[in-house]
Structures are given as C-alpha cells and as structure tokens.
Amino acid sequence: MKRHAIVFTAPGRAELQTSEMAEPELKRDEVLLETECTLVSPGTERACLLGLAGGDFPKYLGYSAVAKVLRAGEEAGFLPGERVAVYHSMHASLLVKQAQDLVRIEDDALPAHTAVFAIVASMGLQGVRKARPEFGESLVVMGLGLLGLFAVRCAYLNGLFPLIAMDYNRRRRELALEFGADAAFSPDEPDLAERIRSLTGGKGADVVVEVTGNPEAVNEALDFTAPFGRVTLTGCSRTPTHELDFYHKVHRPGISIIGAHNMARPLHDARPGYWTMREDMALLLRLFSAGRIRTESLLDVVASPADAPAIFERIARGDPELLGVIFDWKSFTER
C-alpha cells in the first residue's frame, strides 16, 4: 500500500513523502482509515514546525481529519465504509487509529470540508464550557483564530450577552461579528478595559476565554474581568507570564483562573463543564448538520497535499490571512 504523508523534516520545512505501507495487523480496538481531508491548526502546527513546542525532527503532525473506514478490529465498533471524524490525525492518506479517537459522521450529506472542523471547534467549545457560563452573563473571547471563532459561536448559542471579541486582525473581527459577537475590538484600541466595562454595566466581563496563547494576555484579561469572574486559559501559552499581581488582580477580586487545555477532560464519564472529546465532537457535527454553525467563511484554502511545502512556508512566517486550510487527500490519491 502506498502512503503519502506531510512531514516536518527540519525547523520551518515541510515535505510530502511517499512510502510503502505494509497491510497493518490491527489490534482489537484499531481502525484502518483512508483519509478524505485534513485540516491545519495554524497556531499549534506552526509552533511544532518551528521547533517551539519541543520534540525532534522529523515530525508527523496533524490535528483533524475526515476519513473512511477500510478495516476495523473486532472491538472497535466501526464498519467498513463508514465516515468518521478523526482526532489527532496525521496529514497522511492512510491512518491507523484507536477507536477512542474516532466519531462516526451520522449525516451522510454533511460535506467532509465541513465535518473536518469538528475537532478544532471542540477545542474552542471546551474553553467556554469549562467556565460554566450562565445564560445572560457577559463573555469576552481574546484571540480569533479557528478556536476563538468557534468559542464565539458556541458562546452565542449559549446565550452569553454581551458577547465581545478581540483580535488585531480586522477580517477576524468581522467574522466574530458574523458568528454572533455584539462588539469586536483590536487589543491596541485605547481605553479598552473601560470600553468593555461600559458594555458590561460597569463591572467587567463575567467570563474571559483567552485563546491567544500569549501569556501576557492573561494580565490584560484580568484588567477587565468582573469580580468573581472566570478566565479560561484555552490557548497554549508556551512561555511564562511575568509580574502577575495575584493579590490585586486575582485574590482580592475573587477571580478564578481555569486551565482549559483540550486534553484536560475525561476520557469517559462526562460531568457538567467537562464533556468528553467524543461527546463534544458528536454535538458539533449535529450542529453543523442543522446549520447552527456554518464553516464556509472560515475556509481560505483547499490545497493538494503536494502544495504542503508552500502552505507551511506561509504558516511558518505567520501569514495572518491563513485561517482555515484543508488538504484534500481524496482528489489527490484518485489522480
């Protein structure tokens, strides 16, 4: 079997490689998959591509895929021909994954280029969910990449008001307004904390979902969080935050800072605020099918895997115009 895969071979360099793959002997809970498409998570994959997240090269990265089941182990619970959303897939034409990383796509009419967003959307959703927001509370989303925009939409569907979004990029602020935000600001606007307090009746935001991954943004978030408010750290802050005044900014106003890494959730047995990854993915697939969340405006590029070197070169230099990038493996392997 020929397998094509995108490989990070050195810092800042991605290649498409082809190799022979032996027919795998599947474990009881494993599934052999043929990939239809994969979605890039620009922030995390850029950090890995540049060597900022540790680990040795070569690296086989990937986050989100839609794939067809070719074969399944006897305890996997999937049948050949079924379509699945794949968590932590590789950018590769063939995959072997454990069943716990797969969610069945029940709607046969749901396009793969929509379904593939369920994984990154679930990461934004859990950043909102872990704050346990109540209908009518105010919420700010800081950082409007894919995770932040899905956090905005999920907060809107949850009845948060006013819903405020922040990002330097004008197009992303416009998308946040389309997704339900009541206001969208650039972080460098003057008197921003006071403007947020004005929109929230003078008290500040009940919930802040921080998705920038910039550790200094936590300091800024605390300036406009309401007393007894909650801040979820949803983005991956990979460097320390310096000079955080815990007494005046956290302890005295009674603010809760919540670690909201996507892996900090149960594998089984969900509880309020902490659903499993598969439950969140299944919910989002249903919301996509119902038209409650639309992904078309998030998709910038549908590329052939052969274009991976050029695409990841743009990601490496932090191209702000790249938001949603899909590699279409089905059309590539059918040529």
# chains A, B, ... in the order shown; residues from 1 in each chain; ligands from 1
>>> select_by_dssp(residues="segment 74-304 of chain A", states="alpha helix (DSSP H)", output="PyMOL selection string")
chain A and resi 112-115+118-129+146-157+170-178+192-199+216-223+246+277-290
>>> select_by_dssp(residues="segment 99-244 of chain A", states="strand (DSSP E or B)", output="list in words")
Leu102, Val103, Arg104, Leu139, Val140, Val141, Met142, Leu163, Ile164, Ala165, Met166, Ala183, Ala184, Phe185, Ala205, Asp206, Val207, Val208, Val209, Glu210, Thr225, Ala226, Pro227, Phe228, Gly229, Arg230, Val231, Thr232 and Leu233 of chain A
>>> closest_atom_pairs(of="segment 148-262 of chain A", to="segment 132-144 of chain A", cutoff="8 Å", atoms="only C-alpha atoms", output="tab-separated table")
residue	atom	partner	partner_atom	distance
A:Gly148	CA	A:Leu144	CA	4.3
A:Leu149	CA	A:Leu144	CA	5.2
A:Ala151	CA	A:Val141	CA	7.1
A:Val152	CA	A:Val141	CA	6.6
A:Ala155	CA	A:Leu139	CA	7.7
A:Asn158	CA	A:Phe135	CA	6.4
A:Gly159	CA	A:Phe135	CA	4.8
A:Leu160	CA	A:Gly136	CA	5.0
A:Phe161	CA	A:Ser138	CA	4.7
A:Pro162	CA	A:Ser138	CA	4.9
A:Leu163	CA	A:Leu139	CA	5.1
A:Ile164	CA	A:Val140	CA	4.6
A:Ala165	CA	A:Val141	CA	4.9
A:Met166	CA	A:Met142	CA	4.8
A:Asp167	CA	A:Gly143	CA	5.1
A:Arg172	CA	A:Leu144	CA	5.9
A:Arg173	CA	A:Leu144	CA	7.2
A:Ala176	CA	A:Leu144	CA	7.4
A:Thr200	CA	A:Ser138	CA	6.7
A:Ala205	CA	A:Ser138	CA	5.2
A:Asp206	CA	A:Ser138	CA	5.2
A:Val207	CA	A:Leu139	CA	4.6
A:Val208	CA	A:Val140	CA	4.7
A:Val209	CA	A:Val141	CA	4.8
A:Glu210	CA	A:Met142	CA	4.9
A:Val211	CA	A:Gly143	CA	5.0
A:Thr212	CA	A:Gly143	CA	4.6
>>> write_last_selection(atoms="C-alpha atoms", output="short mmCIF file (atom, residue, chain, number, x, y, z; two decimals), in the first residue's frame")
data_model
loop_
_atom_site.label_atom_id
_atom_site.label_comp_id
_atom_site.auth_asym_id
_atom_site.auth_seq_id
_atom_site.Cartn_x
_atom_site.Cartn_y
_atom_site.Cartn_z
CA GLY A 148 -11.52 31.59 19.19
CA LEU A 149 -14.12 31.98 16.45
CA ALA A 151 -15.69 29.83 21.04
CA VAL A 152 -17.58 32.96 19.95
CA ALA A 155 -20.95 31.32 23.48
CA ASN A 158 -25.30 29.53 24.92
CA GLY A 159 -26.99 32.91 25.42
CA LEU A 160 -23.97 34.94 26.58
CA PHE A 161 -24.61 38.71 26.46
CA PRO A 162 -22.92 40.96 25.73
CA LEU A 163 -20.51 38.84 23.75
CA ILE A 164 -17.25 40.66 22.97
CA ALA A 165 -14.41 39.53 20.70
CA MET A 166 -10.80 40.73 20.44
CA ASP A 167 -8.14 40.33 17.75
CA ARG A 172 -11.28 38.00 12.02
CA ARG A 173 -13.13 40.67 13.99
CA ALA A 176 -16.65 37.22 15.00
CA THR A 200 -20.97 45.21 30.77
CA ALA A 205 -16.75 40.50 31.87
CA ASP A 206 -18.14 37.58 33.83
CA VAL A 207 -16.14 35.17 31.66
CA VAL A 208 -12.99 35.65 29.58
CA VAL A 209 -11.90 32.92 27.17
CA GLU A 210 -8.21 33.54 26.43
CA VAL A 211 -7.19 31.89 23.16
CA THR A 212 -4.21 33.96 22.03
#
>>> closest_residue(among="A:Leu323, A:Arg28, A:Gln100, A:Tyr63", to="Met123 of chain A", atoms="only C-alpha atoms")
A:Tyr63
>>> residues_around(residues="segment 251-264 of chain A", least_positions_apart="4", cutoff="8 Å", atoms="only C-alpha atoms", output="list in words")
Met123, Gln126, Gly127, Lys130, Ala131, Thr225, Ala226, Pro227, Phe228, Gly229, Arg230, Val231, Thr232, Leu233, Thr234, Gly235, Cys236, Phe246 and Tyr247 of chain A
>>> residues_around(residues="Ile315 of chain A", least_positions_apart="2", cutoff="9 Å", atoms="only C-alpha atoms", output="ChimeraX atom specification")
/A:12,42-43,45-46,49,310-313,317-320,322
>>> write_last_selection(atoms="C-alpha atoms", output="compact mmCIF listing (two decimals), in the first residue's frame")
# COMPACT_ATOMS: atom_id res chain seq x y z
CA GLY A 12 10.41 25.63 9.07
CA PRO A 42 -2.19 27.01 12.30
CA GLY A 43 -1.13 28.01 15.83
CA GLU A 45 1.30 23.33 13.90
CA ARG A 46 3.35 26.50 13.43
CA LEU A 49 7.05 23.32 12.64
CA ALA A 310 4.36 26.30 0.16
CA ILE A 311 1.41 26.25 2.56
CA PHE A 312 3.58 25.55 5.60
CA GLU A 313 6.09 28.18 4.49
CA ARG A 317 6.09 33.15 8.67
CA GLY A 318 2.77 33.75 10.45
CA ASP A 319 0.68 34.78 7.43
CA PRO A 320 -2.39 36.42 9.06
CA LEU A 322 -4.42 31.98 6.51
>>> residues_around(residues="Leu299 of chain A", least_positions_apart="3", cutoff="7 Å", atoms="only C-alpha atoms", output="number ranges by chain")
A: 295-296, 323-325
>>> decode(residues="segment 41-167 of chain A", atoms="C-alpha atoms", output="PDB file, in the first residue's frame")
ATOM      1  CA  SER A  41      -4.455  24.043  13.135  1.00  0.00           C
ATOM      2  CA  PRO A  42      -2.186  27.012  12.301  1.00  0.00           C
ATOM      3  CA  GLY A  43      -1.126  28.009  15.828  1.00  0.00           C
ATOM      4  CA  THR A  44      -0.091  24.622  17.177  1.00  0.00           C
ATOM      5  CA  GLU A  45       1.296  23.328  13.901  1.00  0.00           C
ATOM      6  CA  ARG A  46       3.354  26.496  13.428  1.00  0.00           C
ATOM      7  CA  ALA A  47       4.847  26.042  16.914  1.00  0.00           C
ATOM      8  CA  CYS A  48       5.725  22.427  16.081  1.00  0.00           C
ATOM      9  CA  LEU A  49       7.049  23.321  12.635  1.00  0.00           C
ATOM     10  CA  LEU A  50       9.378  25.946  14.079  1.00  0.00           C
ATOM     11  CA  GLY A  51      10.508  23.714  16.938  1.00  0.00           C
ATOM     12  CA  LEU A  52       8.890  25.931  19.591  1.00  0.00           C
ATOM     13  CA  ALA A  53       6.916  23.050  21.089  1.00  0.00           C
ATOM     14  CA  GLY A  54       9.879  20.720  21.612  1.00  0.00           C
ATOM     15  CA  GLY A  55      10.368  17.290  20.089  1.00  0.00           C
ATOM     16  CA  ASP A  56      12.797  16.028  17.487  1.00  0.00           C
ATOM     17  CA  PHE A  57      12.549  16.170  13.715  1.00  0.00           C
ATOM     18  CA  PRO A  58      11.191  14.641  11.588  1.00  0.00           C
ATOM     19  CA  LYS A  59       7.662  15.252  12.900  1.00  0.00           C
ATOM     20  CA  TYR A  60       4.383  13.865  11.609  1.00  0.00           C
ATOM     21  CA  LEU A  61       1.829  16.454  12.615  1.00  0.00           C
ATOM     22  CA  GLY A  62      -1.894  16.664  12.210  1.00  0.00           C
ATOM     23  CA  TYR A  63      -4.990  17.520  14.158  1.00  0.00           C
ATOM     24  CA  SER A  64      -8.230  16.939  12.329  1.00  0.00           C
ATOM     25  CA  ALA A  65      -9.348  14.602   9.568  1.00  0.00           C
ATOM     26  CA  VAL A  66     -12.362  13.089   7.893  1.00  0.00           C
ATOM     27  CA  ALA A  67     -11.742   9.543   6.738  1.00  0.00           C
ATOM     28  CA  LYS A  68     -13.448   6.352   5.535  1.00  0.00           C
ATOM     29  CA  VAL A  69     -13.127   3.101   7.445  1.00  0.00           C
ATOM     30  CA  LEU A  70     -11.336   0.419   5.437  1.00  0.00           C
ATOM     31  CA  ARG A  71     -10.996  -2.245   8.161  1.00  0.00           C
ATOM     32  CA  ALA A  72     -11.669  -2.368  11.886  1.00  0.00           C
ATOM     33  CA  GLY A  73     -10.658  -4.556  14.812  1.00  0.00           C
ATOM     34  CA  GLU A  74     -13.368  -6.733  16.333  1.00  0.00           C
ATOM     35  CA  GLU A  75     -13.896  -4.430  19.323  1.00  0.00           C
ATOM     36  CA  ALA A  76     -13.556  -1.093  17.520  1.00  0.00           C
ATOM     37  CA  GLY A  77     -17.284  -0.631  16.880  1.00  0.00           C
ATOM     38  CA  PHE A  78     -16.952   0.611  13.291  1.00  0.00           C
ATOM     39  CA  LEU A  79     -17.801  -0.933   9.922  1.00  0.00           C
ATOM     40  CA  PRO A  80     -16.036  -0.644   6.552  1.00  0.00           C
ATOM     41  CA  GLY A  81     -17.375   2.269   4.515  1.00  0.00           C
ATOM     42  CA  GLU A  82     -18.410   4.419   7.486  1.00  0.00           C
ATOM     43  CA  ARG A  83     -17.147   8.003   7.592  1.00  0.00           C
ATOM     44  CA  VAL A  84     -15.537   9.305  10.767  1.00  0.00           C
ATOM     45  CA  ALA A  85     -14.076  12.477  12.205  1.00  0.00           C
ATOM     46  CA  VAL A  86     -10.546  11.744  13.431  1.00  0.00           C
ATOM     47  CA  TYR A  87      -8.927  13.399  16.442  1.00  0.00           C
ATOM     48  CA  HIS A  88      -5.139  13.946  16.281  1.00  0.00           C
ATOM     49  CA  SER A  89      -4.822  12.504  12.824  1.00  0.00           C
ATOM     50  CA  MET A  90      -1.669  12.819  10.800  1.00  0.00           C
ATOM     51  CA  HIS A  91      -1.623  14.656   7.492  1.00  0.00           C
ATOM     52  CA  ALA A  92      -1.496  11.342   5.633  1.00  0.00           C
ATOM     53  CA  SER A  93      -3.520   9.404   3.075  1.00  0.00           C
ATOM     54  CA  LEU A  94      -3.755   6.279   5.285  1.00  0.00           C
ATOM     55  CA  LEU A  95      -4.127   6.167   9.063  1.00  0.00           C
ATOM     56  CA  VAL A  96      -4.324   3.585  11.822  1.00  0.00           C
ATOM     57  CA  LYS A  97      -6.161   4.983  14.849  1.00  0.00           C
ATOM     58  CA  GLN A  98      -7.698   3.716  18.054  1.00  0.00           C
ATOM     59  CA  ALA A  99     -11.490   3.757  18.130  1.00  0.00           C
ATOM     60  CA  GLN A 100     -11.467   6.210  21.034  1.00  0.00           C
ATOM     61  CA  ASP A 101     -10.126   8.877  18.637  1.00  0.00           C
ATOM     62  CA  LEU A 102     -12.976   8.486  16.142  1.00  0.00           C
ATOM     63  CA  VAL A 103     -16.523   9.831  15.975  1.00  0.00           C
ATOM     64  CA  ARG A 104     -18.970   8.482  13.429  1.00  0.00           C
ATOM     65  CA  ILE A 105     -20.399  11.060  10.999  1.00  0.00           C
ATOM     66  CA  GLU A 106     -24.085  10.160  11.102  1.00  0.00           C
ATOM     67  CA  ASP A 107     -25.196  12.600   8.401  1.00  0.00           C
ATOM     68  CA  ASP A 108     -24.210  11.173   5.014  1.00  0.00           C
ATOM     69  CA  ALA A 109     -24.927  14.545   3.393  1.00  0.00           C
ATOM     70  CA  LEU A 110     -22.541  16.509   5.621  1.00  0.00           C
ATOM     71  CA  PRO A 111     -19.596  17.594   3.445  1.00  0.00           C
ATOM     72  CA  ALA A 112     -16.168  16.426   4.572  1.00  0.00           C
ATOM     73  CA  HIS A 113     -14.888  20.010   4.303  1.00  0.00           C
ATOM     74  CA  THR A 114     -17.415  20.973   6.991  1.00  0.00           C
ATOM     75  CA  ALA A 115     -17.179  17.919   9.233  1.00  0.00           C
ATOM     76  CA  VAL A 116     -13.386  18.250   9.499  1.00  0.00           C
ATOM     77  CA  PHE A 117     -13.813  21.412  11.627  1.00  0.00           C
ATOM     78  CA  ALA A 118     -15.443  19.420  14.460  1.00  0.00           C
ATOM     79  CA  ILE A 119     -12.124  18.721  16.178  1.00  0.00           C
ATOM     80  CA  VAL A 120     -10.812  22.295  16.405  1.00  0.00           C
ATOM     81  CA  ALA A 121     -14.341  23.506  17.157  1.00  0.00           C
ATOM     82  CA  SER A 122     -14.491  21.180  20.150  1.00  0.00           C
ATOM     83  CA  MET A 123     -11.321  22.819  21.493  1.00  0.00           C
ATOM     84  CA  GLY A 124     -12.956  26.236  21.402  1.00  0.00           C
ATOM     85  CA  LEU A 125     -16.175  24.834  22.840  1.00  0.00           C
ATOM     86  CA  GLN A 126     -14.474  23.312  25.877  1.00  0.00           C
ATOM     87  CA  GLY A 127     -12.828  26.659  26.629  1.00  0.00           C
ATOM     88  CA  VAL A 128     -16.305  28.126  27.007  1.00  0.00           C
ATOM     89  CA  ARG A 129     -17.831  25.082  28.695  1.00  0.00           C
ATOM     90  CA  LYS A 130     -15.228  24.888  31.493  1.00  0.00           C
ATOM     91  CA  ALA A 131     -16.181  28.384  32.688  1.00  0.00           C
ATOM     92  CA  ARG A 132     -19.729  27.078  33.363  1.00  0.00           C
ATOM     93  CA  PRO A 133     -21.314  30.234  31.865  1.00  0.00           C
ATOM     94  CA  GLU A 134     -24.931  31.047  32.582  1.00  0.00           C
ATOM     95  CA  PHE A 135     -27.487  32.496  30.174  1.00  0.00           C
ATOM     96  CA  GLY A 136     -27.159  36.286  30.189  1.00  0.00           C
ATOM     97  CA  GLU A 137     -23.629  36.510  31.550  1.00  0.00           C
ATOM     98  CA  SER A 138     -21.093  38.611  29.646  1.00  0.00           C
ATOM     99  CA  LEU A 139     -18.168  36.943  27.903  1.00  0.00           C
ATOM    100  CA  VAL A 140     -15.006  38.092  26.116  1.00  0.00           C
ATOM    101  CA  VAL A 141     -13.052  35.919  23.660  1.00  0.00           C
ATOM    102  CA  MET A 142      -9.434  37.017  23.245  1.00  0.00           C
ATOM    103  CA  GLY A 143      -7.885  35.742  20.006  1.00  0.00           C
ATOM    104  CA  LEU A 144      -9.923  34.926  16.917  1.00  0.00           C
ATOM    105  CA  GLY A 145      -8.166  32.074  15.201  1.00  0.00           C
ATOM    106  CA  LEU A 146     -10.251  28.987  14.500  1.00  0.00           C
ATOM    107  CA  LEU A 147     -10.568  28.064  18.190  1.00  0.00           C
ATOM    108  CA  GLY A 148     -11.521  31.590  19.186  1.00  0.00           C
ATOM    109  CA  LEU A 149     -14.124  31.979  16.455  1.00  0.00           C
ATOM    110  CA  PHE A 150     -15.756  28.691  17.404  1.00  0.00           C
ATOM    111  CA  ALA A 151     -15.691  29.830  21.042  1.00  0.00           C
ATOM    112  CA  VAL A 152     -17.576  32.960  19.950  1.00  0.00           C
ATOM    113  CA  ARG A 153     -20.218  30.947  18.131  1.00  0.00           C
ATOM    114  CA  CYS A 154     -20.670  28.465  20.971  1.00  0.00           C
ATOM    115  CA  ALA A 155     -20.949  31.320  23.478  1.00  0.00           C
ATOM    116  CA  TYR A 156     -23.589  32.944  21.256  1.00  0.00           C
ATOM    117  CA  LEU A 157     -25.598  29.717  21.124  1.00  0.00           C
ATOM    118  CA  ASN A 158     -25.295  29.530  24.918  1.00  0.00           C
ATOM    119  CA  GLY A 159     -26.985  32.911  25.420  1.00  0.00           C
ATOM    120  CA  LEU A 160     -23.972  34.944  26.579  1.00  0.00           C
ATOM    121  CA  PHE A 161     -24.608  38.706  26.464  1.00  0.00           C
ATOM    122  CA  PRO A 162     -22.923  40.962  25.727  1.00  0.00           C
ATOM    123  CA  LEU A 163     -20.505  38.839  23.749  1.00  0.00           C
ATOM    124  CA  ILE A 164     -17.250  40.657  22.975  1.00  0.00           C
ATOM    125  CA  ALA A 165     -14.406  39.533  20.698  1.00  0.00           C
ATOM    126  CA  MET A 166     -10.798  40.731  20.441  1.00  0.00           C
ATOM    127  CA  ASP A 167      -8.139  40.333  17.748  1.00  0.00           C
TER     128      ASP A 167
END
